[in-house]
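Participant: Just one file: start15.pdb, with PDB, C-alpha atoms.
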```pdb
ATOM      1  CA  MET R   1     -11.690  -5.781  -9.942
ATOM      2  CA  ILE R   2     -12.648  -2.910  -7.668
ATOM      3  CA  GLU R   3     -13.762   0.218  -9.522
ATOM      4  CA  ILE R   4     -13.886   3.545  -7.708
ATOM      5  CA  HIS R   5     -15.892   6.212  -9.531
ATOM      6  CA  SER R   6     -15.956   9.869  -8.432
ATOM      7  CA  ILE R   7     -16.173   9.108  -4.720
ATOM      8  CA  SER R   8     -16.637  12.032  -2.323
ATOM      9  CA  LYS R   9     -17.364  11.917   1.390
ATOM     10  CA  SER R  10     -17.805  14.614   4.029
ATOM     11  CA  PHE R  11     -18.336  14.516   7.775
ATOM     12  CA  ASP R  12     -20.198  17.664   8.819
ATOM     13  CA  LYS R  13     -18.083  20.453   7.296
ATOM     14  CA  TYR R  14     -14.954  18.345   6.867
ATOM     15  CA  GLN R  15     -14.415  16.834   3.414
ATOM     16  CA  ALA R  16     -12.555  13.559   3.839
ATOM     17  CA  LEU R  17     -12.558  12.530   0.152
ATOM     18  CA  ALA R  18     -12.990  14.571  -2.997
ATOM     19  CA  ASP R  19     -13.741  12.994  -6.391
ATOM     20  CA  ILE R  20     -11.668   9.825  -6.007
ATOM     21  CA  ASN R  21     -11.209   7.679  -9.111
ATOM     22  CA  ALA R  22      -9.125   4.511  -9.157
ATOM     23  CA  GLU R  23      -9.039   0.856 -10.155
ATOM     24  CA  ILE R  24      -7.725  -2.045  -8.110
ATOM     25  CA  LYS R  25      -7.011  -4.973 -10.385
ATOM     26  CA  GLU R  26      -7.212  -8.600  -9.362
ATOM     27  CA  GLY R  27      -4.157 -10.638  -8.449
ATOM     28  CA  GLN R  28      -1.907  -7.785  -7.362
ATOM     29  CA  VAL R  29      -1.042  -6.143  -4.069
ATOM     30  CA  PHE R  30      -2.388  -2.595  -4.030
ATOM     31  CA  GLY R  31      -0.720  -0.217  -1.596
ATOM     32  CA  LEU R  32      -2.528   2.926  -0.467
ATOM     33  CA  ILE R  33      -0.263   5.466   1.170
ATOM     34  CA  GLY R  34      -0.908   8.866   2.645
ATOM     35  CA  THR R  35      -0.442  11.020   5.702
ATOM     36  CA  ASN R  36      -2.617  10.742   8.775
ATOM     37  CA  GLY R  37      -5.934  12.372   7.916
ATOM     38  CA  ALA R  38      -5.471  11.946   4.163
ATOM     39  CA  GLY R  39      -8.646   9.840   3.922
ATOM     40  CA  LYS R  40      -7.210   6.307   3.691
ATOM     41  CA  SER R  41      -9.460   4.753   6.323
ATOM     42  CA  THR R  42     -12.530   6.528   4.975
ATOM     43  CA  LEU R  43     -11.879   5.236   1.466
ATOM     44  CA  LEU R  44     -11.308   1.678   2.707
ATOM     45  CA  ARG R  45     -14.550   1.749   4.690
ATOM     46  CA  ILE R  46     -16.436   2.925   1.625
ATOM     47  CA  ILE R  47     -14.882   0.116  -0.433
ATOM     48  CA  SER R  48     -15.953  -2.336   2.270
ATOM     49  CA  GLY R  49     -19.511  -1.001   2.296
ATOM     50  CA  ILE R  50     -19.300   0.347   5.846
ATOM     51  CA  TYR R  51     -19.713   3.988   4.800
ATOM     52  CA  GLN R  52     -21.972   5.231   2.054
ATOM     53  CA  PRO R  53     -20.338   7.827  -0.209
ATOM     54  CA  ASP R  54     -21.986  11.225  -0.658
ATOM     55  CA  THR R  55     -21.378  11.013  -4.407
ATOM     56  CA  GLY R  56     -20.017   8.374  -6.750
ATOM     57  CA  ASP R  57     -20.056   4.608  -6.462
ATOM     58  CA  ILE R  58     -17.888   1.573  -5.773
ATOM     59  CA  LYS R  59     -18.182  -1.609  -7.816
ATOM     60  CA  ILE R  60     -16.686  -4.923  -6.770
ATOM     61  CA  ASP R  61     -16.550  -7.352  -9.681
ATOM     62  CA  GLY R  62     -19.255  -5.276 -11.376
ATOM     63  CA  MET R  63     -21.569  -5.149  -8.355
ATOM     64  CA  ASP R  64     -22.436  -2.027  -6.371
ATOM     65  CA  VAL R  65     -21.065  -2.540  -2.881
ATOM     66  CA  TRP R  66     -23.367  -0.307  -0.831
ATOM     67  CA  ASP R  67     -26.246  -2.229   0.730
ATOM     68  CA  ASN R  68     -25.327  -5.310  -1.307
ATOM     69  CA  PRO R  69     -24.520  -8.457   0.749
ATOM     70  CA  ALA R  70     -23.364 -10.342  -2.356
ATOM     71  CA  ALA R  71     -20.620  -7.808  -3.049
ATOM     72  CA  LYS R  72     -19.648  -7.467   0.612
ATOM     73  CA  ALA R  73     -19.228 -11.238   0.870
ATOM     74  CA  ASN R  74     -16.119 -10.866  -1.317
ATOM     75  CA  VAL R  75     -14.442  -8.447   1.101
ATOM     76  CA  PHE R  76     -12.896  -8.797   4.552
ATOM     77  CA  TYR R  77     -11.997  -5.498   6.225
ATOM     78  CA  LEU R  78      -9.225  -5.279   8.834
ATOM     79  CA  SER R  79      -9.322  -1.944  10.605
ATOM     80  CA  ASP R  80      -6.375  -0.266  12.299
ATOM     81  CA  ASP R  81      -7.914  -1.278  15.625
ATOM     82  CA  GLN R  82     -10.059  -4.335  14.910
ATOM     83  CA  TYR R  83     -13.027  -4.507  17.264
ATOM     84  CA  PHE R  84     -13.570  -7.572  19.410
ATOM     85  CA  TYR R  85     -16.336  -7.994  21.976
ATOM     86  CA  PRO R  86     -14.846  -7.375  25.468
ATOM     87  CA  GLN R  87     -15.532 -10.811  26.952
ATOM     88  CA  GLU R  88     -15.017 -12.858  23.798
ATOM     89  CA  THR R  89     -12.289 -15.414  23.083
ATOM     90  CA  PRO R  90     -10.833 -16.293  19.645
ATOM     91  CA  LEU R  91     -13.170 -19.296  19.674
ATOM     92  CA  ASP R  92     -16.204 -17.087  20.343
ATOM     93  CA  MET R  93     -15.308 -14.668  17.538
ATOM     94  CA  LEU R  94     -14.721 -17.584  15.204
ATOM     95  CA  LYS R  95     -18.398 -18.550  15.520
ATOM     96  CA  LEU R  96     -19.403 -15.019  14.538
ATOM     97  CA  TYR R  97     -17.100 -14.872  11.511
ATOM     98  CA  LYS R  98     -18.255 -18.306  10.314
ATOM     99  CA  GLN R  99     -21.810 -16.969  10.190
ATOM    100  CA  GLN R 100     -20.688 -14.073   7.975
ATOM    101  CA  TYR R 101     -18.239 -16.020   5.821
ATOM    102  CA  PRO R 102     -19.477 -19.542   4.926
ATOM    103  CA  ASN R 103     -16.124 -20.515   3.367
ATOM    104  CA  PHE R 104     -14.200 -19.797   6.564
ATOM    105  CA  ASP R 105     -11.374 -22.337   6.981
ATOM    106  CA  GLU R 106     -11.714 -23.338  10.642
ATOM    107  CA  GLU R 107      -9.010 -26.003  10.539
ATOM    108  CA  ARG R 108      -6.435 -23.600   9.143
ATOM    109  CA  PHE R 109      -7.411 -20.960  11.684
ATOM    110  CA  PHE R 110      -6.672 -23.324  14.567
ATOM    111  CA  LYS R 111      -3.303 -24.166  12.994
ATOM    112  CA  PHE R 112      -2.441 -20.459  12.937
ATOM    113  CA  LEU R 113      -3.395 -20.119  16.608
ATOM    114  CA  SER R 114      -1.217 -23.098  17.525
ATOM    115  CA  THR R 115       1.760 -21.922  15.460
ATOM    116  CA  PHE R 116       1.691 -18.432  16.960
ATOM    117  CA  SER R 117       0.850 -19.595  20.489
ATOM    118  CA  LEU R 118      -2.491 -17.805  20.719
ATOM    119  CA  ASP R 119      -4.835 -19.417  23.233
ATOM    120  CA  LYS R 120      -8.233 -19.945  21.613
ATOM    121  CA  LYS R 121      -9.996 -19.820  25.005
ATOM    122  CA  ARG R 122      -8.266 -16.731  26.398
ATOM    123  CA  LYS R 123     -10.156 -13.442  26.433
ATOM    124  CA  ILE R 124      -8.996 -11.296  23.526
ATOM    125  CA  SER R 125      -9.119  -8.223  25.771
ATOM    126  CA  THR R 126      -6.067  -9.613  27.589
ATOM    127  CA  PHE R 127      -4.039  -9.932  24.363
ATOM    128  CA  SER R 128      -1.291  -7.433  23.524
ATOM    129  CA  LYS R 129      -1.705  -5.093  20.560
ATOM    130  CA  GLY R 130       0.550  -7.277  18.427
ATOM    131  CA  MET R 131      -1.351 -10.434  19.373
ATOM    132  CA  LYS R 132      -4.654  -8.783  18.454
ATOM    133  CA  LYS R 133      -3.166  -7.756  15.096
ATOM    134  CA  GLN R 134      -2.046 -11.322  14.429
ATOM    135  CA  LEU R 135      -5.437 -12.686  15.375
ATOM    136  CA  SER R 136      -7.305 -10.262  13.117
ATOM    137  CA  ILE R 137      -5.037 -11.161  10.183
ATOM    138  CA  PHE R 138      -5.713 -14.874  10.698
ATOM    139  CA  TYR R 139      -9.453 -14.222  10.658
ATOM    140  CA  GLY R 140      -9.014 -12.237   7.455
ATOM    141  CA  ILE R 141      -6.979 -14.891   5.663
ATOM    142  CA  CYS R 142      -9.131 -17.817   6.809
ATOM    143  CA  ALA R 143     -12.353 -16.066   5.750
ATOM    144  CA  ASN R 144     -11.244 -16.929   2.191
ATOM    145  CA  THR R 145     -12.618 -13.749   0.656
ATOM    146  CA  LYS R 146     -11.355 -12.546  -2.691
ATOM    147  CA  TYR R 147     -10.341  -9.124  -1.334
ATOM    148  CA  LEU R 148      -8.622  -8.467   1.984
ATOM    149  CA  ILE R 149      -8.559  -4.802   2.982
ATOM    150  CA  CYS R 150      -5.870  -3.950   5.512
ATOM    151  CA  ASP R 151      -5.725  -0.600   7.301
ATOM    152  CA  GLU R 152      -2.299  -0.179   8.970
ATOM    153  CA  THR R 153      -2.292  -3.943   9.459
ATOM    154  CA  PHE R 154       1.468  -4.282   9.997
ATOM    155  CA  ASP R 155       1.598  -1.597  12.664
ATOM    156  CA  GLY R 156       2.321  -3.268  16.015
ATOM    157  CA  LEU R 157       3.764  -6.487  14.578
ATOM    158  CA  ASP R 158       7.352  -7.418  15.320
ATOM    159  CA  PRO R 159       9.696  -7.715  12.286
ATOM    160  CA  VAL R 160       9.591 -11.525  12.154
ATOM    161  CA  VAL R 161       5.787 -11.727  12.257
ATOM    162  CA  ARG R 162       5.558  -8.852   9.765
ATOM    163  CA  GLN R 163       7.622 -10.735   7.203
ATOM    164  CA  THR R 164       5.701 -13.929   7.938
ATOM    165  CA  VAL R 165       2.398 -12.193   7.221
ATOM    166  CA  LYS R 166       3.734 -10.787   3.960
ATOM    167  CA  GLY R 167       4.789 -14.314   3.027
ATOM    168  CA  LEU R 168       1.278 -15.555   3.822
ATOM    169  CA  PHE R 169      -0.184 -12.952   1.468
ATOM    170  CA  VAL R 170       2.117 -14.078  -1.344
ATOM    171  CA  LYS R 171       1.215 -17.725  -0.700
ATOM    172  CA  GLU R 172      -2.496 -16.898  -0.822
ATOM    173  CA  MET R 173      -2.064 -15.121  -4.153
ATOM    174  CA  ASP R 174      -0.268 -18.155  -5.565
ATOM    175  CA  SER R 175      -2.918 -20.626  -4.402
ATOM    176  CA  ARG R 176      -6.230 -18.822  -4.971
ATOM    177  CA  ASP R 177      -7.985 -15.729  -6.275
ATOM    178  CA  PHE R 178      -6.755 -13.235  -3.681
ATOM    179  CA  THR R 179      -6.099  -9.490  -3.787
ATOM    180  CA  PRO R 180      -4.803  -7.622  -0.722
ATOM    181  CA  ILE R 181      -5.302  -3.854  -0.426
ATOM    182  CA  ILE R 182      -2.880  -2.461   2.158
ATOM    183  CA  ALA R 183      -3.054   1.083   3.517
ATOM    184  CA  SER R 184      -0.079   2.514   5.366
ATOM    185  CA  HIS R 185       1.708   5.774   6.072
ATOM    186  CA  ASN R 186       5.014   3.849   6.016
ATOM    187  CA  LEU R 187       6.380   3.643   2.485
ATOM    188  CA  ARG R 188       9.255   1.335   3.397
ATOM    189  CA  GLU R 189       6.727  -1.141   4.765
ATOM    190  CA  LEU R 190       5.019  -1.549   1.387
ATOM    191  CA  GLU R 191       7.966  -1.490  -0.963
ATOM    192  CA  ASP R 192       8.803  -5.198  -0.913
ATOM    193  CA  ILE R 193       5.242  -6.449  -1.385
ATOM    194  CA  CYS R 194       3.197  -3.993  -3.476
ATOM    195  CA  ASP R 195       2.701  -4.198  -7.242
ATOM    196  CA  HIS R 196       0.706  -0.974  -7.551
ATOM    197  CA  VAL R 197       0.698   2.074  -5.305
ATOM    198  CA  GLY R 198      -1.725   4.956  -4.913
ATOM    199  CA  LEU R 199      -0.902   8.158  -3.043
ATOM    200  CA  LEU R 200      -3.809   9.771  -1.237
ATOM    201  CA  HIS R 201      -3.274  13.414  -0.293
ATOM    202  CA  LYS R 202      -5.782  15.882   1.144
ATOM    203  CA  GLY R 203      -8.730  13.686   0.194
ATOM    204  CA  GLY R 204      -7.673  13.080  -3.408
ATOM    205  CA  ILE R 205      -5.589  10.516  -5.297
ATOM    206  CA  LEU R 206      -2.398  12.244  -6.354
ATOM    207  CA  PHE R 207      -0.889   9.224  -8.115
ATOM    208  CA  SER R 208      -1.922   5.644  -8.851
ATOM    209  CA  LYS R 209       0.834   3.811 -10.662
ATOM    210  CA  ASP R 210       2.422   0.440 -11.243
ATOM    211  CA  LEU R 211       5.524   0.309  -9.060
ATOM    212  CA  GLU R 212       7.796  -1.505 -11.504
ATOM    213  CA  SER R 213       6.995   0.795 -14.424
ATOM    214  CA  MET R 214       7.721   3.793 -12.209
ATOM    215  CA  LYS R 215      11.091   2.353 -11.232
ATOM    216  CA  LEU R 216      12.011   1.636 -14.837
ATOM    217  CA  GLY R 217      11.640   5.227 -15.964
ATOM    218  CA  ILE R 218      13.396   7.102 -13.155
ATOM    219  CA  TYR R 219      16.897   6.641 -11.718
ATOM    220  CA  LYS R 220      19.370   8.065  -9.268
ATOM    221  CA  LEU R 221      22.763   8.808 -10.801
ATOM    222  CA  GLN R 222      25.814   9.405  -8.643
ATOM    223  CA  CYS R 223      28.774  10.688 -10.580
ATOM    224  CA  VAL R 224      31.978  12.716 -10.625
ATOM    225  CA  PHE R 225      32.541  14.483 -13.973
ATOM    226  CA  GLN R 226      35.952  15.425 -15.295
ATOM    227  CA  HIS R 227      34.615  18.751 -16.541
ATOM    228  CA  PHE R 228      31.983  20.982 -14.977
ATOM    229  CA  GLU R 229      30.302  21.593 -18.324
ATOM    230  CA  ASP R 230      29.578  17.867 -18.722
ATOM    231  CA  MET R 231      26.621  18.414 -16.392
ATOM    232  CA  ASP R 232      25.132  20.838 -18.907
ATOM    233  CA  GLN R 233      25.336  18.133 -21.550
ATOM    234  CA  LEU R 234      23.569  15.686 -19.237
ATOM    235  CA  SER R 235      20.760  18.203 -18.755
ATOM    236  CA  LYS R 236      20.330  18.494 -22.516
ATOM    237  CA  GLU R 237      20.084  14.727 -22.980
ATOM    238  CA  PHE R 238      17.777  13.835 -20.084
ATOM    239  CA  SER R 239      15.024  15.298 -17.920
ATOM    240  CA  ILE R 240      16.655  16.254 -14.627
ATOM    241  CA  LEU R 241      14.206  16.128 -11.742
ATOM    242  CA  HIS R 242      16.539  16.860  -8.869
ATOM    243  CA  GLN R 243      20.260  17.230  -8.235
ATOM    244  CA  GLU R 244      22.608  17.747  -5.322
ATOM    245  CA  LEU R 245      26.315  18.573  -5.258
ATOM    246  CA  ARG R 246      28.514  17.515  -2.344
ATOM    247  CA  GLY R 247      32.105  18.339  -3.058
ATOM    248  CA  SER R 248      32.741  16.845  -6.482
ATOM    249  CA  LEU R 249      30.044  14.157  -6.154
ATOM    250  CA  ARG R 250      26.779  14.860  -7.926
ATOM    251  CA  THR R 251      23.586  12.980  -7.094
ATOM    252  CA  VAL R 252      21.074  13.389  -9.896
ATOM    253  CA  THR R 253      17.518  12.096 -10.167
ATOM    254  CA  LEU R 254      16.558  11.854 -13.830
ATOM    255  CA  ARG R 255      14.093  10.284 -16.225
ATOM    256  CA  GLY R 256      15.338   8.088 -19.013
ATOM    257  CA  ASN R 257      16.134   4.647 -20.324
ATOM    258  CA  LYS R 258      18.859   2.795 -18.419
ATOM    259  CA  GLU R 259      20.722   1.795 -21.580
ATOM    260  CA  ASP R 260      20.672   5.368 -22.900
ATOM    261  CA  ILE R 261      22.003   6.714 -19.601
ATOM    262  CA  ASP R 262      24.795   4.126 -19.534
ATOM    263  CA  LEU R 263      25.779   4.931 -23.134
ATOM    264  CA  PHE R 264      25.856   8.651 -22.408
ATOM    265  CA  MET R 265      28.010   8.216 -19.319
ATOM    266  CA  ALA R 266      30.397   5.993 -21.244
ATOM    267  CA  ARG R 267      30.839   8.786 -23.814
ATOM    268  CA  MET R 268      31.451  11.369 -21.089
ATOM    269  CA  ASN R 269      34.119   9.165 -19.482
ATOM    270  CA  PRO R 270      33.484  10.402 -15.925
ATOM    271  CA  VAL R 271      35.873   9.829 -13.050
ATOM    272  CA  PHE R 272      33.130   7.796 -11.380
ATOM    273  CA  TYR R 273      29.457   6.979 -11.899
ATOM    274  CA  GLU R 274      26.862   4.616 -10.509
ATOM    275  CA  LEU R 275      23.252   4.208 -11.623
ATOM    276  CA  LEU R 276      20.882   3.163  -8.851
ATOM    277  CA  PRO R 277      17.169   2.259  -8.732
ATOM    278  CA  LEU R 278      15.039   4.485  -6.546
ATOM    279  CA  SER R 279      13.247   3.343  -3.431
ATOM    280  CA  LEU R 280       9.476   3.804  -3.228
ATOM    281  CA  GLU R 281      10.007   6.734  -0.889
ATOM    282  CA  GLU R 282      12.438   8.414  -3.295
ATOM    283  CA  ILE R 283      10.086   7.872  -6.237
ATOM    284  CA  PHE R 284       7.173   9.572  -4.524
ATOM    285  CA  ILE R 285       9.315  12.377  -3.157
ATOM    286  CA  THR R 286      10.398  13.083  -6.721
ATOM    287  CA  GLU R 287       6.944  12.695  -8.269
ATOM    288  CA  THR R 288       5.236  14.905  -5.712
ATOM    289  CA  GLU R 289       7.886  17.600  -5.938
ATOM    290  CA  VAL R 290       7.358  17.663  -9.707
ATOM    291  CA  ALA R 291       3.609  18.035  -9.089
ATOM    292  CA  GLY R 292       4.248  20.945  -6.739
ATOM    293  CA  TYR R 293       3.974  19.163  -3.395
ATOM    294  CA  ASP R 294       6.716  19.065  -0.774
ATOM    295  CA  PHE R 295       6.662  15.352  -0.092
ATOM    296  CA  LYS R 296       9.389  15.585   2.537
ATOM    297  CA  GLN R 297       7.156  17.794   4.638
ATOM    298  CA  LEU R 298       4.365  15.223   4.296
ATOM    299  CA  TYR R 299       6.251  12.122   5.335
ATOM    300  CA  LEU R 300       9.696  12.770   6.787
TER     301      LEU R 300
END
```
What would you get if you wrote out this structure as structure tokens?
Facilitator:
Amino acid sequence: MIEIHSISKSFDKYQALADINAEIKEGQVFGLIGTNGAGKSTLLRIISGIYQPDTGDIKIDGMDVWDNPAAKANVFYLSDDQYFYPQETPLDMLKLYKQQYPNFDEERFFKFLSTFSLDKKRKISTFSKGMKKQLSIFYGICANTKYLICDETFDGLDPVVRQTVKGLFVKEMDSRDFTPIIASHNLRELEDICDHVGLLHKGGILFSKDLESMKLGIYKLQCVFQHFEDMDQLSKEFSILHQELRGSLRTVTLRGNKEDIDLFMARMNPVFYELLPLSLEEIFITETEVAGYDFKQLYL
């Protein structure tokens, strides 16, 4: 488990992180979302032991990460723009990574290169952005670390490769002790893979919640009531977070138990109703609006 305790970090007069507290449990995919400049990359670099926090501490499996090679050996960090030496080939970089990660799976790495048609003797500087992303992911997976930290890792990958990489993450989790931490500003990108999501905003964690439990307690209801006053009754029964009226069709975001909502609607006998789960984007729009933030202005 990764434990984040009261982390703050400033660069000159700019405060990138302010009193961050969170836990990243083993065996789940943790998604970190936030706008550009929210502090995602800074937090990931502190978790990886690249930056030292001004205050607070990070523990990986009970060990302080800063200046601790034993803790860092459990983490592989993939930056948004992974650095490769200008004249190096995938084969050259492999030698470097094998020195840092003794459990590096060289045989599997070469299979990845062959499958994705990446020449092991070609200079990495001549690779496209997407090819460099693929290569960095293969290094990260084959390093066989317990934690893989990904900063905008899917950015630049085509849809087929993107889904393939997600499948690789799931396979790793099924076969060994593996926990990916994925930072992105694209909520739709994380929805089909993450178990737990944290929202970083203006240097602080606004929410850190299990995705399934969030979806179970909040729904989108589309309905056409026979009587206008039926909406008042709905408001008395459930917590209404947001509603829109287009003609006779109401779209209502509300908190409640699915069975209770269905029973209520059956009693009201509406002309039409449909209860829908919310997307990750809709959940966070609703949650942040409740907390006083205009999420649409942040992301859309």
Participant: Pick out the residues sitting within 8 Å of segment 16-26 of chain R, and hand them over as a PyMOL selection string; count all atoms listed in the file, and ignore anything fewer than 4 positions along from it in its own chain.
Facilitator: chain R and resi 1-11+30+37-39+42-43+56+177-179+202-205+208
Participant: Would you tabulate, counting only C-alpha atoms, all residues of segment 130-228 of chain R that have an atom at most 12 Å from an atom of segment 113-124 of chain R, showing the closest pair of atoms and their distance in Å to one decimal, sorted by chain then ascending number, as JSON lines?
Facilitator:
```
{"residue": "R:Gly130", "atom": "CA", "partner": "R:Leu118", "partner_atom": "CA", "distance": 11.2}
{"residue": "R:Met131", "atom": "CA", "partner": "R:Leu118", "partner_atom": "CA", "distance": 7.6}
{"residue": "R:Lys132", "atom": "CA", "partner": "R:Ile124", "partner_atom": "CA", "distance": 7.1}
{"residue": "R:Lys133", "atom": "CA", "partner": "R:Ile124", "partner_atom": "CA", "distance": 10.8}
{"residue": "R:Gln134", "atom": "CA", "partner": "R:Phe116", "partner_atom": "CA", "distance": 8.4}
{"residue": "R:Leu135", "atom": "CA", "partner": "R:Leu113", "partner_atom": "CA", "distance": 7.8}
{"residue": "R:Ser136", "atom": "CA", "partner": "R:Ile124", "partner_atom": "CA", "distance": 10.6}
{"residue": "R:Ile137", "atom": "CA", "partner": "R:Leu113", "partner_atom": "CA", "distance": 11.1}
{"residue": "R:Phe138", "atom": "CA", "partner": "R:Leu113", "partner_atom": "CA", "distance": 8.2}
{"residue": "R:Tyr139", "atom": "CA", "partner": "R:Leu113", "partner_atom": "CA", "distance": 10.3}
{"residue": "R:Cys142", "atom": "CA", "partner": "R:Leu113", "partner_atom": "CA", "distance": 11.6}
{"residue": "R:Val160", "atom": "CA", "partner": "R:Phe116", "partner_atom": "CA", "distance": 11.5}
{"residue": "R:Val161", "atom": "CA", "partner": "R:Phe116", "partner_atom": "CA", "distance": 9.2}
{"residue": "R:Thr164", "atom": "CA", "partner": "R:Phe116", "partner_atom": "CA", "distance": 10.9}
{"residue": "R:Val165", "atom": "CA", "partner": "R:Phe116", "partner_atom": "CA", "distance": 11.6}
```
Participant: Write out, as a PDB file, in the coordinates of the input, the residues just selected, with C-alpha atoms.
Facilitator:
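Written file, result.pdb:
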```pdb
ATOM      1  CA  GLY R 130       0.550  -7.277  18.427  1.00  0.00           C
ATOM      2  CA  MET R 131      -1.351 -10.434  19.373  1.00  0.00           C
ATOM      3  CA  LYS R 132      -4.654  -8.783  18.454  1.00  0.00           C
ATOM      4  CA  LYS R 133      -3.166  -7.756  15.096  1.00  0.00           C
ATOM      5  CA  GLN R 134      -2.046 -11.322  14.429  1.00  0.00           C
ATOM      6  CA  LEU R 135      -5.437 -12.686  15.375  1.00  0.00           C
ATOM      7  CA  SER R 136      -7.305 -10.262  13.117  1.00  0.00           C
ATOM      8  CA  ILE R 137      -5.037 -11.161  10.183  1.00  0.00           C
ATOM      9  CA  PHE R 138      -5.713 -14.874  10.698  1.00  0.00           C
ATOM     10  CA  TYR R 139      -9.453 -14.222  10.658  1.00  0.00           C
ATOM     11  CA  CYS R 142      -9.131 -17.817   6.809  1.00  0.00           C
ATOM     12  CA  VAL R 160       9.591 -11.525  12.154  1.00  0.00           C
ATOM     13  CA  VAL R 161       5.787 -11.727  12.257  1.00  0.00           C
ATOM     14  CA  THR R 164       5.701 -13.929   7.938  1.00  0.00           C
ATOM     15  CA  VAL R 165       2.398 -12.193   7.221  1.00  0.00           C
TER      16      VAL R 165
END
```
Participant: Which one of R:Tyr83, R:Leu211, R:Gly34, R:Gln222 sits closest to Arg246 of chain R if you count all atoms listed in the file?
Facilitator: R:Gln222
Participant: Kindly resolve the PyMOL selection byres ((chain R and resi 266-278) around 10) on the present coordinates and return the residues as an MDAnalysis selection string.
Facilitator: chainID R and resid 214:227 230:231 233:234 249:253 258 260:265 279:284 286
Participant: Taking into account only C-alpha atoms, which residue in the set R:Val29, R:Leu187, R:Leu78, R:Leu200 is nearest to Ile149 of chain R?
Facilitator: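 Once distances to Ile149 of chain R are computed over only C-alpha atoms, the minimum belongs to R:Leu78.
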Participant: Just so the selection is clear, what residues does the PyMOL selection byres ((chain R and resi 145) around 7) cover here, as number ranges by chain?
Facilitator: R: 74-76, 143-144, 146-148
Participant: Using all atoms listed in the file for the distances, tell me which of R:Met173, R:Asp151, R:Phe238, R:Glu244 is nearest to His185 of chain R.
Facilitator: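 Among R:Met173, R:Asp151, R:Phe238, R:Glu244, it is R:Asp151 that comes nearest to His185 of chain R.
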Participant: For this file, the PyMOL selection byres ((chain R and resi 239) around 6) selects which residues, as a PDB file with C-alpha atoms, keeping the file's coordinate frame?
Facilitator:
```pdb
ATOM      1  CA  PHE R 238      17.777  13.835 -20.084  1.00  0.00           C
ATOM      2  CA  ILE R 240      16.655  16.254 -14.627  1.00  0.00           C
ATOM      3  CA  LEU R 254      16.558  11.854 -13.830  1.00  0.00           C
ATOM      4  CA  ARG R 255      14.093  10.284 -16.225  1.00  0.00           C
TER       5      ARG R 255
END
```
Participant: What is the atom CA of Ala73 of chain R-atom CA of Gln52 of chain R distance in Å, reported with one decimal?
Facilitator: 16.7 Å
